[in-house]
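Next comes query.pdb, with PDB, C-alpha atoms.
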```pdb
ATOM      1  CA  MET G   1     137.464 110.508  91.953  1.00  0.00           C
ATOM      2  CA  LYS G   2     136.021 108.891  95.064  1.00  0.00           C
ATOM      3  CA  LEU G   3     132.746 109.600  96.872  1.00  0.00           C
ATOM      4  CA  ILE G   4     133.038 108.955 100.610  1.00  0.00           C
ATOM      5  CA  LEU G   5     130.019 108.550 102.907  1.00  0.00           C
ATOM      6  CA  ALA G   6     130.977 109.840 106.357  1.00  0.00           C
ATOM      7  CA  SER G   7     128.342 107.761 108.128  1.00  0.00           C
ATOM      8  CA  SER G   8     128.151 104.270 109.583  1.00  0.00           C
ATOM      9  CA  SER G   9     124.410 104.128 108.852  1.00  0.00           C
ATOM     10  CA  PRO G  10     123.634 101.140 106.591  1.00  0.00           C
ATOM     11  CA  ARG G  11     120.416 102.902 105.610  1.00  0.00           C
ATOM     12  CA  ARG G  12     122.240 105.883 104.119  1.00  0.00           C
ATOM     13  CA  ALA G  13     124.672 103.632 102.269  1.00  0.00           C
ATOM     14  CA  GLU G  14     121.783 101.597 100.866  1.00  0.00           C
ATOM     15  CA  ILE G  15     120.003 104.722  99.589  1.00  0.00           C
ATOM     16  CA  LEU G  16     123.075 105.775  97.621  1.00  0.00           C
ATOM     17  CA  ARG G  17     123.904 102.342  96.255  1.00  0.00           C
ATOM     18  CA  ASN G  18     120.308 101.706  95.209  1.00  0.00           C
ATOM     19  CA  ALA G  19     120.408 105.037  93.357  1.00  0.00           C
ATOM     20  CA  GLY G  20     123.490 103.896  91.427  1.00  0.00           C
ATOM     21  CA  ILE G  21     125.852 106.267  93.238  1.00  0.00           C
ATOM     22  CA  PRO G  22     129.119 104.416  94.044  1.00  0.00           C
ATOM     23  CA  ILE G  23     130.493 105.133  97.508  1.00  0.00           C
ATOM     24  CA  GLU G  24     133.083 104.167 100.053  1.00  0.00           C
ATOM     25  CA  VAL G  25     132.040 104.281 103.712  1.00  0.00           C
ATOM     26  CA  TYR G  26     134.433 105.963 106.125  1.00  0.00           C
ATOM     27  CA  ALA G  27     132.920 107.190 109.364  1.00  0.00           C
ATOM     28  CA  ILE G  28     134.781 108.816 112.245  1.00  0.00           C
ATOM     29  CA  PRO G  29     132.803 109.479 115.453  1.00  0.00           C
ATOM     30  CA  VAL G  30     132.357 113.137 116.410  1.00  0.00           C
ATOM     31  CA  ASP G  31     131.050 114.775 119.576  1.00  0.00           C
ATOM     32  CA  GLU G  32     127.290 115.171 119.054  1.00  0.00           C
ATOM     33  CA  THR G  33     126.658 117.316 122.137  1.00  0.00           C
ATOM     34  CA  ARG G  34     124.352 120.212 121.340  1.00  0.00           C
ATOM     35  CA  LEU G  35     125.824 123.629 122.132  1.00  0.00           C
ATOM     36  CA  ASP G  36     124.078 125.952 124.566  1.00  0.00           C
ATOM     37  CA  GLY G  37     121.467 128.005 122.748  1.00  0.00           C
ATOM     38  CA  GLU G  38     122.117 126.236 119.447  1.00  0.00           C
ATOM     39  CA  SER G  39     119.098 126.079 117.123  1.00  0.00           C
ATOM     40  CA  HIS G  40     118.020 122.769 115.619  1.00  0.00           C
ATOM     41  CA  THR G  41     119.036 124.017 112.169  1.00  0.00           C
ATOM     42  CA  ASP G  42     122.519 125.022 113.275  1.00  0.00           C
ATOM     43  CA  TYR G  43     122.854 121.768 115.206  1.00  0.00           C
ATOM     44  CA  VAL G  44     122.180 119.351 112.342  1.00  0.00           C
ATOM     45  CA  LYS G  45     124.190 121.414 109.866  1.00  0.00           C
ATOM     46  CA  ARG G  46     127.166 121.661 112.213  1.00  0.00           C
ATOM     47  CA  LEU G  47     127.196 117.909 112.887  1.00  0.00           C
ATOM     48  CA  ALA G  48     126.839 117.017 109.208  1.00  0.00           C
ATOM     49  CA  LEU G  49     129.787 119.249 108.358  1.00  0.00           C
ATOM     50  CA  ALA G  50     131.843 117.970 111.301  1.00  0.00           C
ATOM     51  CA  LYS G  51     131.329 114.364 110.195  1.00  0.00           C
ATOM     52  CA  ALA G  52     132.317 115.221 106.624  1.00  0.00           C
ATOM     53  CA  HIS G  53     135.447 117.089 107.738  1.00  0.00           C
ATOM     54  CA  ALA G  54     136.459 114.241 110.067  1.00  0.00           C
ATOM     55  CA  ALA G  55     136.291 111.714 107.243  1.00  0.00           C
ATOM     56  CA  ALA G  56     137.955 114.097 104.790  1.00  0.00           C
ATOM     57  CA  GLY G  57     140.839 114.685 107.174  1.00  0.00           C
ATOM     58  CA  ALA G  58     141.691 110.994 107.031  1.00  0.00           C
ATOM     59  CA  GLN G  59     141.705 111.000 103.218  1.00  0.00           C
ATOM     60  CA  ARG G  60     144.172 113.784 102.487  1.00  0.00           C
ATOM     61  CA  ASP G  61     147.010 111.452 101.499  1.00  0.00           C
ATOM     62  CA  ARG G  62     145.042 110.205  98.503  1.00  0.00           C
ATOM     63  CA  SER G  63     146.175 111.466  95.129  1.00  0.00           C
ATOM     64  CA  GLU G  64     142.734 111.456  93.462  1.00  0.00           C
ATOM     65  CA  GLU G  65     139.920 113.938  93.962  1.00  0.00           C
ATOM     66  CA  ILE G  66     137.767 113.168  97.013  1.00  0.00           C
ATOM     67  CA  TRP G  67     134.103 113.970  97.590  1.00  0.00           C
ATOM     68  CA  VAL G  68     132.696 113.503 101.100  1.00  0.00           C
ATOM     69  CA  VAL G  69     129.047 113.374 102.185  1.00  0.00           C
ATOM     70  CA  GLY G  70     128.087 113.980 105.822  1.00  0.00           C
ATOM     71  CA  ALA G  71     124.576 113.850 107.298  1.00  0.00           C
ATOM     72  CA  ASP G  72     122.820 114.157 110.629  1.00  0.00           C
ATOM     73  CA  THR G  73     119.102 113.647 111.302  1.00  0.00           C
ATOM     74  CA  ILE G  74     116.841 114.669 114.172  1.00  0.00           C
ATOM     75  CA  ILE G  75     113.118 114.784 114.899  1.00  0.00           C
ATOM     76  CA  LEU G  76     111.517 118.067 115.932  1.00  0.00           C
ATOM     77  CA  ILE G  77     108.144 118.262 117.677  1.00  0.00           C
ATOM     78  CA  GLY G  78     106.813 121.286 119.508  1.00  0.00           C
ATOM     79  CA  GLY G  79     110.277 122.790 119.676  1.00  0.00           C
ATOM     80  CA  GLU G  80     111.729 119.647 121.307  1.00  0.00           C
ATOM     81  CA  ILE G  81     114.590 117.823 119.568  1.00  0.00           C
ATOM     82  CA  LEU G  82     114.408 114.038 119.574  1.00  0.00           C
ATOM     83  CA  CYS G  83     117.684 112.321 118.732  1.00  0.00           C
ATOM     84  CA  LYS G  84     118.498 108.606 119.097  1.00  0.00           C
ATOM     85  CA  PRO G  85     117.045 106.942 122.205  1.00  0.00           C
ATOM     86  CA  VAL G  86     119.458 105.875 124.915  1.00  0.00           C
ATOM     87  CA  SER G  87     117.190 103.139 126.293  1.00  0.00           C
ATOM     88  CA  ALA G  88     113.865 101.386 125.788  1.00  0.00           C
ATOM     89  CA  ASP G  89     112.250 103.763 128.294  1.00  0.00           C
ATOM     90  CA  ASP G  90     113.607 106.730 126.359  1.00  0.00           C
ATOM     91  CA  ALA G  91     112.221 105.275 123.113  1.00  0.00           C
ATOM     92  CA  ARG G  92     108.835 104.746 124.775  1.00  0.00           C
ATOM     93  CA  ARG G  93     108.798 108.383 125.930  1.00  0.00           C
ATOM     94  CA  MET G  94     109.569 109.647 122.432  1.00  0.00           C
ATOM     95  CA  LEU G  95     106.959 107.463 120.758  1.00  0.00           C
ATOM     96  CA  ARG G  96     104.248 108.527 123.206  1.00  0.00           C
ATOM     97  CA  ARG G  97     105.165 112.120 122.302  1.00  0.00           C
ATOM     98  CA  LEU G  98     104.848 111.373 118.572  1.00  0.00           C
ATOM     99  CA  SER G  99     101.675 109.257 118.732  1.00  0.00           C
ATOM    100  CA  GLY G 100      98.805 110.743 116.736  1.00  0.00           C
ATOM    101  CA  THR G 101     100.709 113.922 115.804  1.00  0.00           C
ATOM    102  CA  TRP G 102     102.665 115.635 113.068  1.00  0.00           C
ATOM    103  CA  HIS G 103     106.390 116.145 113.515  1.00  0.00           C
ATOM    104  CA  GLU G 104     109.312 117.285 111.397  1.00  0.00           C
ATOM    105  CA  VAL G 105     112.373 115.338 110.275  1.00  0.00           C
ATOM    106  CA  HIS G 106     115.401 117.612 109.889  1.00  0.00           C
ATOM    107  CA  THR G 107     118.574 116.430 108.163  1.00  0.00           C
ATOM    108  CA  GLY G 108     121.761 118.426 107.869  1.00  0.00           C
ATOM    109  CA  LEU G 109     123.525 117.485 104.625  1.00  0.00           C
ATOM    110  CA  ALA G 110     127.142 118.419 103.920  1.00  0.00           C
ATOM    111  CA  LEU G 111     129.187 117.920 100.755  1.00  0.00           C
ATOM    112  CA  LEU G 112     132.933 118.498 100.539  1.00  0.00           C
ATOM    113  CA  ARG G 113     135.120 118.303  97.461  1.00  0.00           C
ATOM    114  CA  LEU G 114     138.864 117.985  97.973  1.00  0.00           C
ATOM    115  CA  PRO G 115     141.074 118.294  94.887  1.00  0.00           C
ATOM    116  CA  GLY G 116     143.623 115.593  94.171  1.00  0.00           C
ATOM    117  CA  ALA G 117     147.363 116.139  94.436  1.00  0.00           C
ATOM    118  CA  GLU G 118     147.691 116.915  90.732  1.00  0.00           C
ATOM    119  CA  SER G 119     144.473 118.900  90.375  1.00  0.00           C
ATOM    120  CA  THR G 120     144.590 122.377  88.844  1.00  0.00           C
ATOM    121  CA  ARG G 121     141.801 123.472  91.186  1.00  0.00           C
ATOM    122  CA  ALA G 122     142.463 125.540  94.294  1.00  0.00           C
ATOM    123  CA  THR G 123     143.905 123.511  97.155  1.00  0.00           C
ATOM    124  CA  ALA G 124     141.149 124.489  99.600  1.00  0.00           C
ATOM    125  CA  ALA G 125     138.115 122.227  99.783  1.00  0.00           C
ATOM    126  CA  ASP G 126     134.816 123.321  98.267  1.00  0.00           C
ATOM    127  CA  GLU G 127     132.002 122.798 100.746  1.00  0.00           C
ATOM    128  CA  ARG G 128     128.269 123.197 101.052  1.00  0.00           C
ATOM    129  CA  VAL G 129     125.897 122.400 103.907  1.00  0.00           C
ATOM    130  CA  VAL G 130     122.089 122.556 103.733  1.00  0.00           C
ATOM    131  CA  GLU G 131     119.062 121.437 105.726  1.00  0.00           C
ATOM    132  CA  GLU G 132     116.185 119.293 104.429  1.00  0.00           C
ATOM    133  CA  ILE G 133     112.822 119.150 106.243  1.00  0.00           C
ATOM    134  CA  THR G 134     110.030 116.579 105.875  1.00  0.00           C
ATOM    135  CA  ARG G 135     106.765 116.551 107.817  1.00  0.00           C
ATOM    136  CA  VAL G 136     105.478 113.187 109.056  1.00  0.00           C
ATOM    137  CA  GLN G 137     102.211 112.179 110.692  1.00  0.00           C
ATOM    138  CA  LEU G 138     101.959 109.120 112.931  1.00  0.00           C
ATOM    139  CA  THR G 139      98.728 107.341 113.781  1.00  0.00           C
ATOM    140  CA  PRO G 140      97.691 107.139 117.434  1.00  0.00           C
ATOM    141  CA  PHE G 141      98.837 103.835 118.928  1.00  0.00           C
ATOM    142  CA  SER G 142      97.840 102.006 122.086  1.00  0.00           C
ATOM    143  CA  GLU G 143     100.081 100.962 124.951  1.00  0.00           C
ATOM    144  CA  SER G 144      99.882  97.348 123.769  1.00  0.00           C
ATOM    145  CA  GLU G 145     100.979  98.382 120.284  1.00  0.00           C
ATOM    146  CA  LEU G 146     103.781 100.421 121.807  1.00  0.00           C
ATOM    147  CA  ASP G 147     104.873  97.445 123.951  1.00  0.00           C
ATOM    148  CA  ALA G 148     104.918  95.186 120.890  1.00  0.00           C
ATOM    149  CA  TYR G 149     106.958  97.716 118.907  1.00  0.00           C
ATOM    150  CA  ILE G 150     109.488  98.263 121.702  1.00  0.00           C
ATOM    151  CA  ALA G 151     109.981  94.489 121.838  1.00  0.00           C
ATOM    152  CA  THR G 152     111.067  94.442 118.175  1.00  0.00           C
ATOM    153  CA  ARG G 153     114.020  96.772 118.965  1.00  0.00           C
ATOM    154  CA  ASP G 154     113.392  98.435 115.595  1.00  0.00           C
ATOM    155  CA  TRP G 155     113.745 101.741 117.476  1.00  0.00           C
ATOM    156  CA  THR G 156     117.454 101.322 118.272  1.00  0.00           C
ATOM    157  CA  ASP G 157     119.830 103.833 116.658  1.00  0.00           C
ATOM    158  CA  LYS G 158     116.895 105.729 115.097  1.00  0.00           C
ATOM    159  CA  ALA G 159     116.205 109.432 115.612  1.00  0.00           C
ATOM    160  CA  GLY G 160     112.775 109.714 117.210  1.00  0.00           C
ATOM    161  CA  SER G 161     112.787 105.944 117.907  1.00  0.00           C
ATOM    162  CA  TYR G 162     111.187 104.741 114.671  1.00  0.00           C
ATOM    163  CA  ALA G 163     112.205 103.863 111.127  1.00  0.00           C
ATOM    164  CA  ILE G 164     109.784 104.562 108.293  1.00  0.00           C
ATOM    165  CA  GLN G 165     111.363 101.772 106.229  1.00  0.00           C
ATOM    166  CA  GLY G 166     111.099  99.268 109.096  1.00  0.00           C
ATOM    167  CA  VAL G 167     108.454  98.020 111.508  1.00  0.00           C
ATOM    168  CA  GLY G 168     107.767 101.595 112.565  1.00  0.00           C
ATOM    169  CA  GLY G 169     106.453 102.353 109.088  1.00  0.00           C
ATOM    170  CA  ARG G 170     103.146 100.779 110.092  1.00  0.00           C
ATOM    171  CA  PHE G 171     102.443 103.885 112.191  1.00  0.00           C
ATOM    172  CA  VAL G 172     103.167 106.449 109.436  1.00  0.00           C
ATOM    173  CA  THR G 173      99.948 107.745 107.903  1.00  0.00           C
ATOM    174  CA  ARG G 174     101.229 110.668 105.833  1.00  0.00           C
ATOM    175  CA  ILE G 175     104.399 112.491 104.812  1.00  0.00           C
ATOM    176  CA  GLU G 176     104.968 115.878 103.203  1.00  0.00           C
ATOM    177  CA  GLY G 177     108.359 116.155 101.551  1.00  0.00           C
ATOM    178  CA  CYS G 178     111.208 113.772 100.780  1.00  0.00           C
ATOM    179  CA  TYR G 179     110.695 110.164 101.867  1.00  0.00           C
ATOM    180  CA  PHE G 180     114.428 109.448 101.810  1.00  0.00           C
ATOM    181  CA  ASN G 181     114.974 112.327 104.223  1.00  0.00           C
ATOM    182  CA  VAL G 182     112.931 110.412 106.794  1.00  0.00           C
ATOM    183  CA  VAL G 183     115.180 107.384 106.218  1.00  0.00           C
ATOM    184  CA  GLY G 184     118.189 109.632 106.856  1.00  0.00           C
ATOM    185  CA  LEU G 185     119.524 111.007 103.569  1.00  0.00           C
ATOM    186  CA  PRO G 186     117.614 113.389 101.252  1.00  0.00           C
ATOM    187  CA  LEU G 187     118.594 111.782  97.955  1.00  0.00           C
ATOM    188  CA  ALA G 188     117.260 114.378  95.518  1.00  0.00           C
ATOM    189  CA  ARG G 189     118.867 117.211  97.487  1.00  0.00           C
ATOM    190  CA  LEU G 190     122.215 115.413  97.478  1.00  0.00           C
ATOM    191  CA  TRP G 191     121.963 114.685  93.758  1.00  0.00           C
ATOM    192  CA  SER G 192     121.326 118.382  93.162  1.00  0.00           C
ATOM    193  CA  LEU G 193     124.431 119.300  95.179  1.00  0.00           C
ATOM    194  CA  LEU G 194     126.553 116.740  93.335  1.00  0.00           C
ATOM    195  CA  LYS G 195     125.517 118.190  89.987  1.00  0.00           C
ATOM    196  CA  GLU G 196     126.092 121.721  91.261  1.00  0.00           C
ATOM    197  CA  PHE G 197     129.641 120.716  92.216  1.00  0.00           C
ATOM    198  CA  GLY G 198     130.238 119.098  88.823  1.00  0.00           C
ATOM    199  CA  TRP G 199     130.025 115.427  89.773  1.00  0.00           C
ATOM    200  CA  GLU G 200     130.779 113.090  86.895  1.00  0.00           C
ATOM    201  CA  ARG G 201     130.422 109.369  87.435  1.00  0.00           C
ATOM    202  CA  PRO G 202     133.511 107.554  86.131  1.00  0.00           C
ATOM    203  CA  ALA G 203     132.939 105.844  82.785  1.00  0.00           C
ATOM    204  CA  SER G 204     134.054 102.454  84.184  1.00  0.00           C
ATOM    205  CA  GLN G 205     131.356 102.635  86.861  1.00  0.00           C
ATOM    206  CA  VAL G 206     128.697 103.587  84.309  1.00  0.00           C
ATOM    207  CA  ALA G 207     129.674 100.560  82.202  1.00  0.00           C
ATOM    208  CA  ASP G 208     129.419  98.256  85.237  1.00  0.00           C
ATOM    209  CA  ALA G 209     125.944  99.460  86.229  1.00  0.00           C
TER     210      ALA G 209
END
```
Serialized structure, structure tokens:
Amino acid sequence: MKLILASSSPRRAEILRNAGIPIEVYAIPVDETRLDGESHTDYVKRLALAKAHAAAGAQRDRSEEIWVVGADTIILIGGEILCKPVSADDARRMLRRLSGTWHEVHTGLALLRLPGAESTRATAADERVVEEITRVQLTPFSESELDAYIATRDWTDKAGSYAIQGVGGRFVTRIEGCYFNVVGLPLARLWSLLKEFGWERPASQVADA
């Protein structure tokens, strides 16, 4: 069996590998436009599932059983969704919004299991998609601190324009919930789903650990 991570995020891959979960990375871009009237919960869950299905669709010629993990993370503050910044000015706007406040990190997490060609299981994929929420508090920061942080470019490709595991971690004063969710992949929640689906790590991979 193979576990596929449908994400190009090196942070998500690192979380899984550090936890001893062997993966292959296979990410296919999907349209991340939010639908009219779509709630933040529906949005992250839909994108996580779409990413997983896109990667799974490219794996159907494999003979072995395939497991695919998809994830999408946003920041929510005062009902406003903060995704990845499109520019330094956009990052600055987001960080001013987050300075000295609590916000929520929402991750949609999808898991698909596709039986292999010779499997006795049903041919349809098993799938599950959930949402994980972590609350984060950032310290107030000055304009000079903000300028210095923007100059590091640590904000690029990060929902909400900061990374708790990077330079932006200096501003995080408190979290309530899963730390790994703030990084981008709620590890304990995924492990629970894997066990629920009957994940068994191959003996050869256990021996190599």
Practice problem: Find the residue from G:Asn181, G:Thr73, G:Gln165, G:Thr134 that sits nearest to Val44 of chain G; use only C-alpha atoms when measuring. | Solution: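 For Val44 of chain G, the nearest of the candidates is G:Thr73.
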Quiz prompt | Minimum-distance residue to Arg62 of chain G, chosen among G:Lys2, G:His40, G:Arg46, G:His106 (using all atoms listed in the file) | solution = G:Lys2
Exercise. May I ask which of the residues G:Arg92, G:Gly20, G:Ala159, G:Gly169 is the closest one to Ser144 of chain G, counting all atoms listed in the file?
Key: G:Arg92
Quiz item: Residues at most 10 Å from Leu112 of chain G, counting only C-alpha atoms, excluding those fewer than 4 positions away in the same chain, as number ranges by chain?
Solution: G: 3-4, 49, 52-53, 56, 66-70, 125-129, 194, 197
Practice problem: For the file shown, report as a PyMOL selection string the outcome of the PyMOL selection byres ((chain G and resi 180) around 12) at residue level. | Solution: chain G and resi 11-16+18-19+73+105-107+132-134+163-165+175-179+181-190
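What the PyMOL selection byres ((chain G and resi 94) around 8) matches in the given file is Leu82, Pro85, Asp90, Ala91, Arg92, Arg93, Leu95, Arg96, Arg97, Leu98, Gly160 and Ser161 of chain G.
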Using the chain letters and numbers from the file, which residues does the PyMOL selection byres ((chain G and resi 145) around 12) grab, as a compact mmCIF listing (two decimals) with C-alpha atoms, in the coordinates of the input?
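To be explicit, this is the file written out as out-v7.txt:
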```txt
# COMPACT_ATOMS: atom_id res chain seq x y z
CA ARG G 92 108.84 104.75 124.78
CA LEU G 95 106.96 107.46 120.76
CA ARG G 96 104.25 108.53 123.21
CA SER G 99 101.68 109.26 118.73
CA THR G 139 98.73 107.34 113.78
CA PRO G 140 97.69 107.14 117.43
CA PHE G 141 98.84 103.84 118.93
CA SER G 142 97.84 102.01 122.09
CA GLU G 143 100.08 100.96 124.95
CA SER G 144 99.88 97.35 123.77
CA LEU G 146 103.78 100.42 121.81
CA ASP G 147 104.87 97.44 123.95
CA ALA G 148 104.92 95.19 120.89
CA TYR G 149 106.96 97.72 118.91
CA ILE G 150 109.49 98.26 121.70
CA ALA G 151 109.98 94.49 121.84
CA THR G 152 111.07 94.44 118.18
CA VAL G 167 108.45 98.02 111.51
CA GLY G 168 107.77 101.60 112.56
CA ARG G 170 103.15 100.78 110.09
CA PHE G 171 102.44 103.88 112.19
```
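Counting all atoms listed in the file and comparing G:Leu193, G:Leu35, G:Leu47, G:Ile75, the residue that lies closest to His103 of chain G is G:Ile75.
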Self-check item: atom CA of Lys45 of chain G to atom CA of Trp191 of chain G, straight-line distance in Å
Solution: 17.6 Å
Quiz item: Which distance in Å separates atom CA of Leu111 of chain G and atom CA of Gln59 of chain G, to one decimal?
Solution: 14.5 Å
Listed atoms of segment 33-46 of chain G, axis-aligned box, 4 Å per side: centre and edge lengths to one decimal in Å, as JSON?
```
{"center_x": 122.6, "center_y": 122.7, "center_z": 117.2, "size_x": 17.1, "size_y": 18.7, "size_z": 22.7}
```
Quiz prompt | Within 7 Å of segment 27-30 of chain G using all atoms listed in the file, minus same-chain residues under 4 positions, as a ChimeraX atom specification | solution = /G:6-8,51,54-55
Quiz prompt | Residue with smallest distance to Thr41 of chain G - pool G:Met1, G:Gly116, G:Val86, G:Ile74, counting all atoms listed in the file | solution = G:Ile74
Practice problem: May I have the residues within 6 Å of Ala71 of chain G as a count of residues only, using all atoms listed in the file and disregarding those fewer than 2 positions away in the same chain? | Solution: 3
Quiz item: Which residue, G:Leu114, G:Cys83, G:Ile77, G:Ala50, has the smallest gap to Ser63 of chain G when you use only C-alpha atoms?
Solution: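 Smallest separation from Ser63 of chain G among the options: G:Leu114.
What separates atom CA of Asp89 of chain G from atom CA of Trp155 of chain G is a distance of 11.1 Å.
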